[in-house]
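Peer 1: This is model_28.cif, which holds mmCIF, C-alpha atoms:
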```cif
data_final
loop_
_atom_site.label_atom_id
_atom_site.label_comp_id
_atom_site.auth_asym_id
_atom_site.auth_seq_id
_atom_site.Cartn_x
_atom_site.Cartn_y
_atom_site.Cartn_z
CA MET N 1 -7.83 -19.16 27.89
CA GLY N 2 -10.44 -21.23 29.69
CA THR N 3 -12.97 -18.40 29.49
CA ARG N 4 -12.33 -18.00 25.80
CA ARG N 5 -12.79 -21.71 25.17
CA HIS N 6 -16.05 -21.68 27.12
CA LEU N 7 -17.37 -18.82 25.02
CA LEU N 8 -16.59 -20.59 21.77
CA THR N 9 -18.04 -23.87 22.96
CA ARG N 10 -21.18 -22.13 24.17
CA SER N 11 -21.65 -20.63 20.72
CA GLY N 12 -22.20 -24.13 19.39
CA LEU N 13 -20.19 -23.36 16.28
CA ILE N 14 -17.06 -25.38 16.94
CA ALA N 15 -18.89 -28.63 16.38
CA ALA N 16 -21.39 -27.36 13.87
CA ALA N 17 -19.28 -25.22 11.52
CA PHE N 18 -19.38 -26.41 7.95
CA GLY N 19 -21.48 -29.39 8.99
CA ALA N 20 -18.87 -31.26 11.02
CA ALA N 21 -15.34 -30.58 12.19
CA ALA N 22 -14.27 -33.96 10.86
CA SER N 23 -14.74 -32.69 7.34
CA LEU N 24 -12.13 -29.98 7.87
CA GLY N 25 -8.95 -31.98 7.33
CA LEU N 26 -6.13 -30.79 5.13
CA ILE N 27 -7.58 -29.63 1.81
CA THR N 28 -4.80 -28.82 -0.62
CA SER N 29 -5.17 -26.61 -3.65
CA LYS N 30 -6.76 -28.49 -6.53
CA LYS N 31 -4.16 -26.89 -8.75
CA ALA N 32 -1.32 -27.98 -6.50
CA ASP N 33 -2.58 -31.54 -6.24
CA ALA N 34 -1.92 -32.26 -9.88
CA ASP N 35 0.71 -30.11 -11.46
CA ALA N 36 1.81 -27.11 -9.42
CA VAL N 37 5.45 -28.14 -9.14
CA SER N 38 5.77 -28.70 -12.87
CA ASP N 39 3.98 -25.42 -13.54
CA LEU N 40 6.30 -23.47 -11.30
CA GLY N 41 9.43 -25.22 -12.50
CA PHE N 42 11.27 -24.55 -9.24
CA ARG N 43 14.69 -26.13 -8.92
CA PRO N 44 17.22 -25.82 -6.09
CA ASP N 45 19.49 -23.78 -8.37
CA THR N 46 16.72 -21.50 -9.66
CA GLY N 47 16.51 -17.90 -8.53
CA PRO N 48 18.27 -16.13 -5.68
CA GLY N 49 19.16 -17.86 -2.45
CA THR N 50 16.83 -20.54 -1.16
CA ALA N 51 14.34 -20.00 -3.95
CA THR N 52 12.48 -23.29 -3.79
CA SER N 53 10.91 -23.01 -0.35
CA ASP N 54 10.87 -19.24 -0.01
CA TYR N 55 9.29 -18.68 -3.39
CA ASN N 56 6.54 -21.18 -2.60
CA ILE N 57 5.82 -19.38 0.66
CA LEU N 58 5.73 -15.96 -1.01
CA ASN N 59 3.45 -17.26 -3.74
CA PHE N 60 1.09 -18.65 -1.12
CA ALA N 61 1.02 -15.18 0.43
CA LEU N 62 0.47 -13.65 -3.01
CA ASN N 63 -2.67 -15.75 -3.54
CA LEU N 64 -4.08 -14.36 -0.29
CA GLU N 65 -3.07 -10.81 -1.18
CA TYR N 66 -4.88 -11.14 -4.52
CA LEU N 67 -8.04 -11.95 -2.58
CA GLU N 68 -7.71 -9.01 -0.22
CA ALA N 69 -6.75 -6.57 -2.96
CA GLU N 70 -9.70 -7.55 -5.15
CA PHE N 71 -12.10 -7.21 -2.23
CA TYR N 72 -10.93 -3.75 -1.19
CA GLN N 73 -10.33 -2.37 -4.67
CA ARG N 74 -13.84 -3.29 -5.77
CA ALA N 75 -15.36 -1.93 -2.55
CA VAL N 76 -13.58 1.41 -2.91
CA THR N 77 -13.26 1.96 -6.67
CA GLY N 78 -15.68 -0.53 -8.23
CA ALA N 79 -12.85 -2.00 -10.33
CA GLY N 80 -10.56 -4.95 -9.73
CA LEU N 81 -6.87 -5.47 -10.39
CA SER N 82 -5.48 -4.79 -13.84
CA PRO N 83 -4.07 -7.58 -16.06
CA ALA N 84 -0.60 -6.22 -15.37
CA ASP N 85 -1.11 -7.06 -11.69
CA THR N 86 -2.62 -10.54 -12.16
CA SER N 87 -0.62 -12.38 -14.83
CA GLY N 88 1.88 -15.08 -14.00
CA ILE N 89 2.46 -18.81 -13.73
CA GLY N 90 -0.66 -20.96 -13.73
CA THR N 91 -4.16 -20.22 -14.92
CA THR N 92 -5.30 -16.63 -14.57
CA GLY N 93 -8.78 -16.83 -13.09
CA THR N 94 -11.82 -14.59 -13.00
CA VAL N 95 -13.33 -12.64 -10.12
CA THR N 96 -17.03 -12.94 -9.30
CA GLY N 97 -18.80 -10.29 -7.26
CA GLY N 98 -17.76 -6.96 -5.86
CA SER N 99 -19.16 -3.47 -6.21
CA PRO N 100 -18.60 0.00 -4.74
CA VAL N 101 -19.77 0.34 -1.16
CA LEU N 102 -21.99 3.33 -0.46
CA PHE N 103 -19.96 4.67 2.44
CA THR N 104 -21.88 7.03 4.71
CA THR N 105 -19.08 7.67 7.22
CA PRO N 106 -16.19 9.68 5.75
CA ALA N 107 -13.66 8.19 8.17
CA ILE N 108 -14.58 4.62 7.26
CA GLN N 109 -14.35 5.49 3.58
CA GLN N 110 -10.86 6.86 4.14
CA TYR N 111 -9.83 3.76 6.10
CA ALA N 112 -11.13 1.55 3.30
CA ALA N 113 -9.26 3.54 0.66
CA GLU N 114 -6.03 3.31 2.62
CA ILE N 115 -6.37 -0.44 3.10
CA ALA N 116 -7.18 -0.88 -0.58
CA SER N 117 -4.02 1.02 -1.48
CA ASP N 118 -1.96 -1.08 0.96
CA GLU N 119 -3.27 -4.40 -0.38
CA LEU N 120 -2.54 -3.36 -3.97
CA ALA N 121 0.96 -2.39 -2.88
CA HIS N 122 1.40 -5.81 -1.25
CA VAL N 123 0.43 -7.55 -4.48
CA ARG N 124 2.87 -5.48 -6.49
CA PHE N 125 5.66 -5.88 -3.95
CA LEU N 126 5.35 -9.67 -3.81
CA ARG N 127 5.12 -9.91 -7.59
CA ALA N 128 8.29 -7.84 -7.93
CA ALA N 129 10.09 -9.96 -5.33
CA LEU N 130 9.06 -13.18 -7.10
CA GLY N 131 9.83 -11.87 -10.58
CA PRO N 132 9.24 -14.52 -13.25
CA PHE N 133 8.19 -17.01 -10.55
CA ALA N 134 5.09 -15.06 -9.50
CA VAL N 135 1.86 -17.03 -9.86
CA ALA N 136 -1.17 -15.64 -11.64
CA GLU N 137 -4.26 -14.54 -9.78
CA PRO N 138 -6.54 -17.57 -9.28
CA THR N 139 -10.32 -17.58 -9.66
CA ILE N 140 -11.84 -15.63 -6.77
CA ASP N 141 -15.43 -15.66 -5.52
CA LEU N 142 -16.57 -12.52 -3.70
CA PHE N 143 -20.27 -13.41 -3.98
CA THR N 144 -21.44 -16.85 -2.87
CA SER N 145 -18.42 -17.35 -0.60
CA PHE N 146 -19.57 -14.66 1.84
CA THR N 147 -23.07 -16.10 1.98
CA THR N 148 -21.65 -19.57 2.66
CA ALA N 149 -19.56 -18.20 5.51
CA ALA N 150 -22.39 -16.11 6.95
CA VAL N 151 -24.79 -19.07 6.96
CA ALA N 152 -22.16 -21.34 8.54
CA ALA N 153 -21.50 -18.74 11.24
CA GLY N 154 -25.21 -18.36 11.93
CA LEU N 155 -25.30 -14.69 10.91
CA ILE N 156 -28.07 -15.33 8.40
CA PRO N 157 -30.48 -18.25 7.89
CA PRO N 158 -30.11 -20.75 5.03
CA GLY N 159 -31.52 -19.31 1.84
CA ALA N 160 -30.63 -15.73 2.74
CA THR N 161 -27.81 -13.79 1.09
CA PHE N 162 -24.97 -11.84 2.66
CA ASN N 163 -23.54 -9.07 0.49
CA PRO N 164 -20.40 -7.49 2.01
CA PHE N 165 -20.68 -4.59 -0.45
CA ALA N 166 -24.24 -3.64 0.54
CA ASN N 167 -23.33 -1.20 3.33
CA GLU N 168 -20.59 -0.17 5.74
CA THR N 169 -21.43 -2.74 8.39
CA ASN N 170 -21.43 -5.65 5.96
CA PHE N 171 -18.22 -4.36 4.43
CA LEU N 172 -16.46 -4.32 7.80
CA LEU N 173 -17.70 -7.82 8.62
CA GLY N 174 -16.35 -9.00 5.28
CA SER N 175 -13.07 -7.28 6.08
CA TYR N 176 -13.05 -8.97 9.47
CA ILE N 177 -13.00 -12.39 7.82
CA PHE N 178 -9.80 -11.55 5.92
CA GLU N 179 -7.62 -9.38 8.09
CA ASP N 180 -7.15 -11.66 11.10
CA VAL N 181 -6.48 -14.61 8.78
CA GLY N 182 -3.78 -12.64 6.99
CA VAL N 183 -2.01 -11.89 10.25
CA THR N 184 -2.03 -15.54 11.33
CA ALA N 185 -0.87 -16.69 7.88
CA TYR N 186 2.17 -14.41 7.83
CA HIS N 187 3.04 -15.33 11.41
CA GLY N 188 2.77 -19.01 10.58
CA ALA N 189 5.08 -18.61 7.60
CA ALA N 190 7.72 -16.59 9.44
CA SER N 191 9.63 -19.55 10.86
CA LEU N 192 9.72 -21.22 7.43
CA ILE N 193 11.28 -18.35 5.48
CA GLN N 194 15.03 -18.85 5.09
CA ASN N 195 16.11 -15.71 3.26
CA LYS N 196 16.42 -12.89 5.80
CA THR N 197 15.52 -10.24 3.25
CA TYR N 198 12.25 -12.02 2.50
CA LEU N 199 11.66 -12.58 6.22
CA ASP N 200 12.13 -8.89 6.92
CA ALA N 201 9.65 -8.00 4.18
CA ALA N 202 7.12 -10.55 5.42
CA ALA N 203 7.41 -9.13 8.95
CA GLY N 204 6.71 -5.67 7.59
CA ILE N 205 3.63 -6.87 5.70
CA LEU N 206 2.40 -8.71 8.81
CA ALA N 207 2.64 -5.45 10.77
CA ILE N 208 0.53 -3.58 8.21
CA GLU N 209 -2.05 -6.40 8.17
CA ALA N 210 -2.19 -6.17 11.96
CA TYR N 211 -2.86 -2.43 11.73
CA HIS N 212 -5.71 -3.18 9.32
CA ALA N 213 -7.12 -5.89 11.57
CA ALA N 214 -7.02 -3.68 14.66
CA THR N 215 -8.82 -0.87 12.81
CA VAL N 216 -11.56 -3.18 11.60
CA ARG N 217 -11.93 -4.82 15.01
CA THR N 218 -12.18 -1.42 16.74
CA LEU N 219 -14.83 -0.16 14.33
CA LEU N 220 -16.94 -3.30 14.67
CA LEU N 221 -16.77 -3.09 18.47
CA GLN N 222 -17.93 0.54 18.33
CA MET N 223 -20.78 -0.43 15.99
CA GLY N 224 -22.08 -3.09 18.39
CA GLN N 225 -21.08 -6.00 16.16
CA ALA N 226 -19.29 -8.02 18.87
CA PRO N 227 -21.72 -10.99 18.65
CA ALA N 228 -21.19 -11.26 14.88
CA THR N 229 -17.41 -11.21 15.30
CA THR N 230 -17.59 -13.91 17.97
CA ALA N 231 -19.58 -16.10 15.58
CA ILE N 232 -17.13 -15.55 12.72
CA SER N 233 -14.14 -16.16 14.99
CA ALA N 234 -15.67 -19.39 16.27
CA LEU N 235 -16.17 -20.49 12.69
CA ARG N 236 -12.55 -19.75 11.81
CA ALA N 237 -11.33 -21.57 14.91
CA ALA N 238 -13.42 -24.59 13.98
CA ALA N 239 -12.06 -24.51 10.45
CA SER N 240 -8.45 -24.36 11.59
CA GLY N 241 -9.06 -26.97 14.27
CA ALA N 242 -7.35 -24.95 16.98
CA ALA N 243 -8.06 -22.40 19.71
CA ASP N 244 -6.61 -19.60 17.61
CA ASP N 245 -9.32 -16.97 17.32
CA GLN N 246 -11.39 -14.52 19.37
CA GLY N 247 -14.08 -11.95 18.72
CA VAL N 248 -13.73 -8.26 19.49
CA THR N 249 -14.85 -8.80 23.08
CA LEU N 250 -13.68 -11.36 25.59
CA GLY N 251 -15.21 -11.77 29.01
CA GLY N 252 -17.42 -8.78 28.32
CA VAL N 253 -14.61 -6.31 27.62
CA ALA N 254 -12.84 -5.04 24.52
CA ASN N 255 -10.48 -7.47 22.82
CA ILE N 256 -8.78 -5.61 19.98
CA SER N 257 -5.36 -7.31 20.07
CA LEU N 258 -5.97 -10.87 18.93
CA GLY N 259 -3.43 -13.14 20.57
CA ASP N 260 -2.63 -15.78 23.15
CA GLY N 261 -2.02 -15.48 26.88
CA ASN N 262 1.42 -14.03 26.21
CA ALA N 263 -0.02 -11.33 23.94
CA ILE N 264 1.58 -12.99 20.92
CA ALA N 265 -0.44 -13.01 17.72
CA TYR N 266 -1.80 -16.41 16.73
CA SER N 267 -0.25 -18.24 13.80
CA ARG N 268 -1.75 -20.74 11.37
CA SER N 269 -0.14 -23.39 9.21
CA THR N 270 -0.78 -23.56 5.49
CA ALA N 271 -3.32 -26.33 6.07
CA GLN N 272 -5.18 -24.29 8.67
CA VAL N 273 -5.28 -21.20 6.46
CA LEU N 274 -6.57 -23.27 3.55
CA ASN N 275 -9.32 -24.76 5.68
CA VAL N 276 -10.49 -21.24 6.51
CA VAL N 277 -10.36 -19.66 3.04
CA TYR N 278 -11.70 -22.80 1.33
CA LEU N 279 -14.69 -22.74 3.74
CA GLY N 280 -14.52 -26.46 4.41
CA GLY N 281 -13.60 -27.55 0.88
CA ALA N 282 -15.97 -29.04 -1.66
CA SER N 283 -19.00 -28.66 0.62
CA GLY N 284 -18.43 -24.92 0.61
CA GLY N 285 -17.50 -24.68 -3.07
CA PHE N 286 -13.88 -24.15 -2.01
CA GLY N 287 -14.92 -20.81 -0.61
CA PHE N 288 -13.10 -17.77 -1.87
CA PHE N 289 -10.97 -19.84 -4.29
CA PRO N 290 -13.38 -22.08 -6.28
CA ALA N 291 -10.62 -23.44 -8.52
CA GLY N 292 -7.98 -23.61 -5.80
CA LEU N 293 -4.84 -21.56 -5.41
CA ASN N 294 -2.08 -21.23 -8.00
CA GLY N 295 1.34 -22.58 -7.13
CA ALA N 296 2.88 -25.22 -4.94
CA ILE N 297 1.32 -25.32 -1.49
CA ALA N 298 4.14 -26.02 0.96
#
```
Would you kindly transcribe this structure into structure tokens?

Peer 2:
Amino acid sequence: MGTRRHLLTRSGLIAAAFGAAASLGLITSKKADADAVSDLGFRPDTGPGTATSDYNILNFALNLEYLEAEFYQRAVTGAGLSPADTSGIGTTGTVTGGSPVLFTTPAIQQYAAEIASDELAHVRFLRAALGPFAVAEPTIDLFTSFTTAAVAAGLIPPGATFNPFANETNFLLGSYIFEDVGVTAYHGAASLIQNKTYLDAAAGILAIEAYHAATVRTLLLQMGQAPATTAISALRAAASGAADDQGVTLGGVANISLGDGNAIAYSRSTAQVLNVVYLGGASGGFGFFPAGLNGAIA
């Protein structure tokens, strides 16, 4: 752990990410701040079992799955989710950015297509589980958000643009931003889910997200992108305010399984996940969710 901390500190990104770590306090969804509870209409006697808390948790996960599904669907097919997969409670947003990636490696194209299919399935599964309580897809930015993150991580200089759909390498680096965050988000939510059926489903989704993350991490290591992953991981750690991230190498050797000293995957609280996907809040244009998430943020 000490070696890992030294590496992140040496990168200079923990203190510098997003301008200053002090600006990365809890940033709640702008939607949730004002009227999410009234929008959702949750009551203790609404829906099956412990609907109030569990439904909020699943809707938080659904927001993140919308983001991943839109990213992969557009990269693989050039088209986003259909209206049937995005309607629900709250304001249905728009998606900016995204285009087919010109894959040159057949295996990577197949991996991308499989992940795109999985993420679409996750969206549909969560929407079915939530039923009439499912939130709509929020506004998603797949254009300026990546540039903001790349500049903050030091991958590109200010004024340059990072397009994750430009080529295979950029696509995998964009994927890298999402997949590890998804794993930590599901792990962080696990102890909060009361309904065992929902918990079992969430554990299954976490496992698939971990498969995705390991595939992306392995490919980036093979492509010589370890320094870029270290920079992105340092940025995410700074955003979450914890030692909860690592690049694809550690101490000069492969580091595919992202976890602590007990080989347990890291977990993030809702606040920590928001700080990462909002890219520091207003200063980063609220990152991938410019209008905030839909639903009550527990």

Peer 1: Carefully work through the PyMOL selection byres ((chain N and resi 265-275) around 10) for this structure and note down the residues it includes, as a PyMOL selection string.

Peer 2: chain N and resi 23-29+57+60-61+64+180-190+210+236-245+257-264+276-281+286-287+289+292-293+297-298

Peer 1: Could you please determine the separation between CA of Gly80 (chain N) and CA of Tyr111 (chain N) in Å, to one decimal place?

Peer 2: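 Separation of CA of Gly80 (chain N) and CA of Tyr111 (chain N): 18.1 Å.
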
Peer 1: For a test of reading the model, state the distance in Å between CA of Thr229 (chain N) and CA of Leu81 (chain N), rounded to one decimal.

Peer 2: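 Separation of CA of Thr229 (chain N) and CA of Leu81 (chain N): 28.4 Å.
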
Peer 1: Please report the interatomic distance between CA of Val216 (chain N) and CA of Thr161 (chain N) in Å with one decimal.

Peer 2: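 Result for CA of Val216 (chain N) versus CA of Thr161 (chain N): 22.1 Å, one decimal.
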
Peer 1: Written as a compact mmCIF listing (two decimals) with C-alpha atoms, keeping the file's coordinate frame, what is the full residue list that the PyMOL selection byres ((chain N and resi 146) around 12) yields on the file shown?

Peer 2:
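Below is the file that was written, expr.txt:
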```
# COMPACT_ATOMS: atom_id res chain seq x y z
CA PHE N 71 -12.10 -7.21 -2.23
CA THR N 96 -17.03 -12.94 -9.30
CA GLY N 97 -18.80 -10.29 -7.26
CA GLY N 98 -17.76 -6.96 -5.86
CA ILE N 140 -11.84 -15.63 -6.77
CA ASP N 141 -15.43 -15.66 -5.52
CA LEU N 142 -16.57 -12.52 -3.70
CA PHE N 143 -20.27 -13.41 -3.98
CA THR N 144 -21.44 -16.85 -2.87
CA SER N 145 -18.42 -17.35 -0.60
CA THR N 147 -23.07 -16.10 1.98
CA THR N 148 -21.65 -19.57 2.66
CA ALA N 149 -19.56 -18.20 5.51
CA ALA N 150 -22.39 -16.11 6.95
CA VAL N 151 -24.79 -19.07 6.96
CA ALA N 152 -22.16 -21.34 8.54
CA ALA N 153 -21.50 -18.74 11.24
CA LEU N 155 -25.30 -14.69 10.91
CA ILE N 156 -28.07 -15.33 8.40
CA ALA N 160 -30.63 -15.73 2.74
CA THR N 161 -27.81 -13.79 1.09
CA PHE N 162 -24.97 -11.84 2.66
CA ASN N 163 -23.54 -9.07 0.49
CA PRO N 164 -20.40 -7.49 2.01
CA PHE N 165 -20.68 -4.59 -0.45
CA ASN N 170 -21.43 -5.65 5.96
CA PHE N 171 -18.22 -4.36 4.43
CA LEU N 173 -17.70 -7.82 8.62
CA GLY N 174 -16.35 -9.00 5.28
CA SER N 175 -13.07 -7.28 6.08
CA TYR N 176 -13.05 -8.97 9.47
CA ILE N 177 -13.00 -12.39 7.82
CA PHE N 178 -9.80 -11.55 5.92
CA ILE N 232 -17.13 -15.55 12.72
CA VAL N 277 -10.36 -19.66 3.04
CA TYR N 278 -11.70 -22.80 1.33
CA LEU N 279 -14.69 -22.74 3.74
CA GLY N 284 -18.43 -24.92 0.61
CA GLY N 285 -17.50 -24.68 -3.07
CA PHE N 286 -13.88 -24.15 -2.01
CA GLY N 287 -14.92 -20.81 -0.61
CA PHE N 288 -13.10 -17.77 -1.87
CA PHE N 289 -10.97 -19.84 -4.29
```

Peer 1: Could you add whatever atoms are missing so that region 81-106 of chain N carries N, CA and C atoms, then write the result as a PDB file, in the frame of the given file?

Peer 2:
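Output file rebuild-v2.pdb follows:
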```
ATOM      1  N   LEU N  81      -8.260  -5.618  -9.988  1.00  0.00           N
ATOM      2  CA  LEU N  81      -6.870  -5.470 -10.390  1.00  0.00           C
ATOM      3  C   LEU N  81      -6.734  -5.500 -11.904  1.00  0.00           C
ATOM      4  N   SER N  82      -5.726  -4.835 -12.403  1.00  0.00           N
ATOM      5  CA  SER N  82      -5.480  -4.790 -13.840  1.00  0.00           C
ATOM      6  C   SER N  82      -4.749  -6.056 -14.278  1.00  0.00           C
ATOM      7  N   PRO N  83      -4.801  -6.403 -15.569  1.00  0.00           N
ATOM      8  CA  PRO N  83      -4.070  -7.580 -16.060  1.00  0.00           C
ATOM      9  C   PRO N  83      -2.584  -7.531 -15.735  1.00  0.00           C
ATOM     10  N   ALA N  84      -2.016  -6.346 -15.681  1.00  0.00           N
ATOM     11  CA  ALA N  84      -0.600  -6.220 -15.370  1.00  0.00           C
ATOM     12  C   ALA N  84      -0.284  -6.666 -13.947  1.00  0.00           C
ATOM     13  N   ASP N  85      -1.304  -6.667 -13.084  1.00  0.00           N
ATOM     14  CA  ASP N  85      -1.110  -7.060 -11.690  1.00  0.00           C
ATOM     15  C   ASP N  85      -1.581  -8.478 -11.390  1.00  0.00           C
ATOM     16  N   THR N  86      -2.039  -9.210 -12.406  1.00  0.00           N
ATOM     17  CA  THR N  86      -2.620 -10.540 -12.160  1.00  0.00           C
ATOM     18  C   THR N  86      -2.019 -11.651 -13.000  1.00  0.00           C
ATOM     19  N   SER N  87      -1.187 -11.345 -13.968  1.00  0.00           N
ATOM     20  CA  SER N  87      -0.620 -12.380 -14.830  1.00  0.00           C
ATOM     21  C   SER N  87       0.468 -13.139 -14.092  1.00  0.00           C
ATOM     22  N   GLY N  88       0.820 -14.305 -14.615  1.00  0.00           N
ATOM     23  CA  GLY N  88       1.880 -15.080 -14.000  1.00  0.00           C
ATOM     24  C   GLY N  88       1.762 -16.551 -14.307  1.00  0.00           C
ATOM     25  N   ILE N  89       2.440 -17.363 -13.533  1.00  0.00           N
ATOM     26  CA  ILE N  89       2.460 -18.810 -13.730  1.00  0.00           C
ATOM     27  C   ILE N  89       1.136 -19.411 -13.269  1.00  0.00           C
ATOM     28  N   GLY N  90       0.620 -20.345 -14.049  1.00  0.00           N
ATOM     29  CA  GLY N  90      -0.660 -20.960 -13.730  1.00  0.00           C
ATOM     30  C   GLY N  90      -1.791 -20.284 -14.474  1.00  0.00           C
ATOM     31  N   THR N  91      -2.985 -20.737 -14.220  1.00  0.00           N
ATOM     32  CA  THR N  91      -4.160 -20.220 -14.920  1.00  0.00           C
ATOM     33  C   THR N  91      -4.654 -18.932 -14.276  1.00  0.00           C
ATOM     34  N   THR N  92      -4.740 -17.879 -15.079  1.00  0.00           N
ATOM     35  CA  THR N  92      -5.300 -16.630 -14.570  1.00  0.00           C
ATOM     36  C   THR N  92      -6.812 -16.777 -14.491  1.00  0.00           C
ATOM     37  N   GLY N  93      -7.362 -16.603 -13.301  1.00  0.00           N
ATOM     38  CA  GLY N  93      -8.780 -16.830 -13.090  1.00  0.00           C
ATOM     39  C   GLY N  93      -9.618 -15.582 -13.281  1.00  0.00           C
ATOM     40  N   THR N  94     -10.882 -15.706 -12.950  1.00  0.00           N
ATOM     41  CA  THR N  94     -11.820 -14.590 -13.000  1.00  0.00           C
ATOM     42  C   THR N  94     -12.275 -14.265 -11.586  1.00  0.00           C
ATOM     43  N   VAL N  95     -12.831 -13.082 -11.425  1.00  0.00           N
ATOM     44  CA  VAL N  95     -13.330 -12.640 -10.120  1.00  0.00           C
ATOM     45  C   VAL N  95     -14.834 -12.425 -10.225  1.00  0.00           C
ATOM     46  N   THR N  96     -15.578 -13.076  -9.332  1.00  0.00           N
ATOM     47  CA  THR N  96     -17.030 -12.940  -9.300  1.00  0.00           C
ATOM     48  C   THR N  96     -17.434 -12.096  -8.099  1.00  0.00           C
ATOM     49  N   GLY N  97     -18.305 -11.115  -8.347  1.00  0.00           N
ATOM     50  CA  GLY N  97     -18.800 -10.290  -7.260  1.00  0.00           C
ATOM     51  C   GLY N  97     -17.974  -9.032  -7.058  1.00  0.00           C
ATOM     52  N   GLY N  98     -18.454  -8.196  -6.167  1.00  0.00           N
ATOM     53  CA  GLY N  98     -17.760  -6.960  -5.860  1.00  0.00           C
ATOM     54  C   GLY N  98     -18.400  -5.753  -6.502  1.00  0.00           C
ATOM     55  N   SER N  99     -18.594  -4.708  -5.719  1.00  0.00           N
ATOM     56  CA  SER N  99     -19.160  -3.470  -6.210  1.00  0.00           C
ATOM     57  C   SER N  99     -18.829  -2.358  -5.225  1.00  0.00           C
ATOM     58  N   PRO N 100     -18.920  -1.103  -5.657  1.00  0.00           N
ATOM     59  CA  PRO N 100     -18.600   0.000  -4.740  1.00  0.00           C
ATOM     60  C   PRO N 100     -19.537   0.023  -3.536  1.00  0.00           C
ATOM     61  N   VAL N 101     -18.974   0.209  -2.385  1.00  0.00           N
ATOM     62  CA  VAL N 101     -19.770   0.340  -1.160  1.00  0.00           C
ATOM     63  C   VAL N 101     -20.226   1.785  -1.036  1.00  0.00           C
ATOM     64  N   LEU N 102     -21.481   1.992  -0.690  1.00  0.00           N
ATOM     65  CA  LEU N 102     -21.990   3.330  -0.460  1.00  0.00           C
ATOM     66  C   LEU N 102     -21.623   3.737   0.967  1.00  0.00           C
ATOM     67  N   PHE N 103     -20.426   4.271   1.120  1.00  0.00           N
ATOM     68  CA  PHE N 103     -19.960   4.670   2.440  1.00  0.00           C
ATOM     69  C   PHE N 103     -20.724   5.920   2.891  1.00  0.00           C
ATOM     70  N   THR N 104     -21.178   5.890   4.144  1.00  0.00           N
ATOM     71  CA  THR N 104     -21.880   7.030   4.710  1.00  0.00           C
ATOM     72  C   THR N 104     -21.059   7.724   5.796  1.00  0.00           C
ATOM     73  N   THR N 105     -19.975   7.097   6.206  1.00  0.00           N
ATOM     74  CA  THR N 105     -19.080   7.670   7.220  1.00  0.00           C
ATOM     75  C   THR N 105     -17.757   8.015   6.555  1.00  0.00           C
ATOM     76  N   PRO N 106     -17.421   9.295   6.445  1.00  0.00           N
ATOM     77  CA  PRO N 106     -16.190   9.680   5.750  1.00  0.00           C
ATOM     78  C   PRO N 106     -14.935   8.989   6.283  1.00  0.00           C
TER      79      PRO N 106
END
```
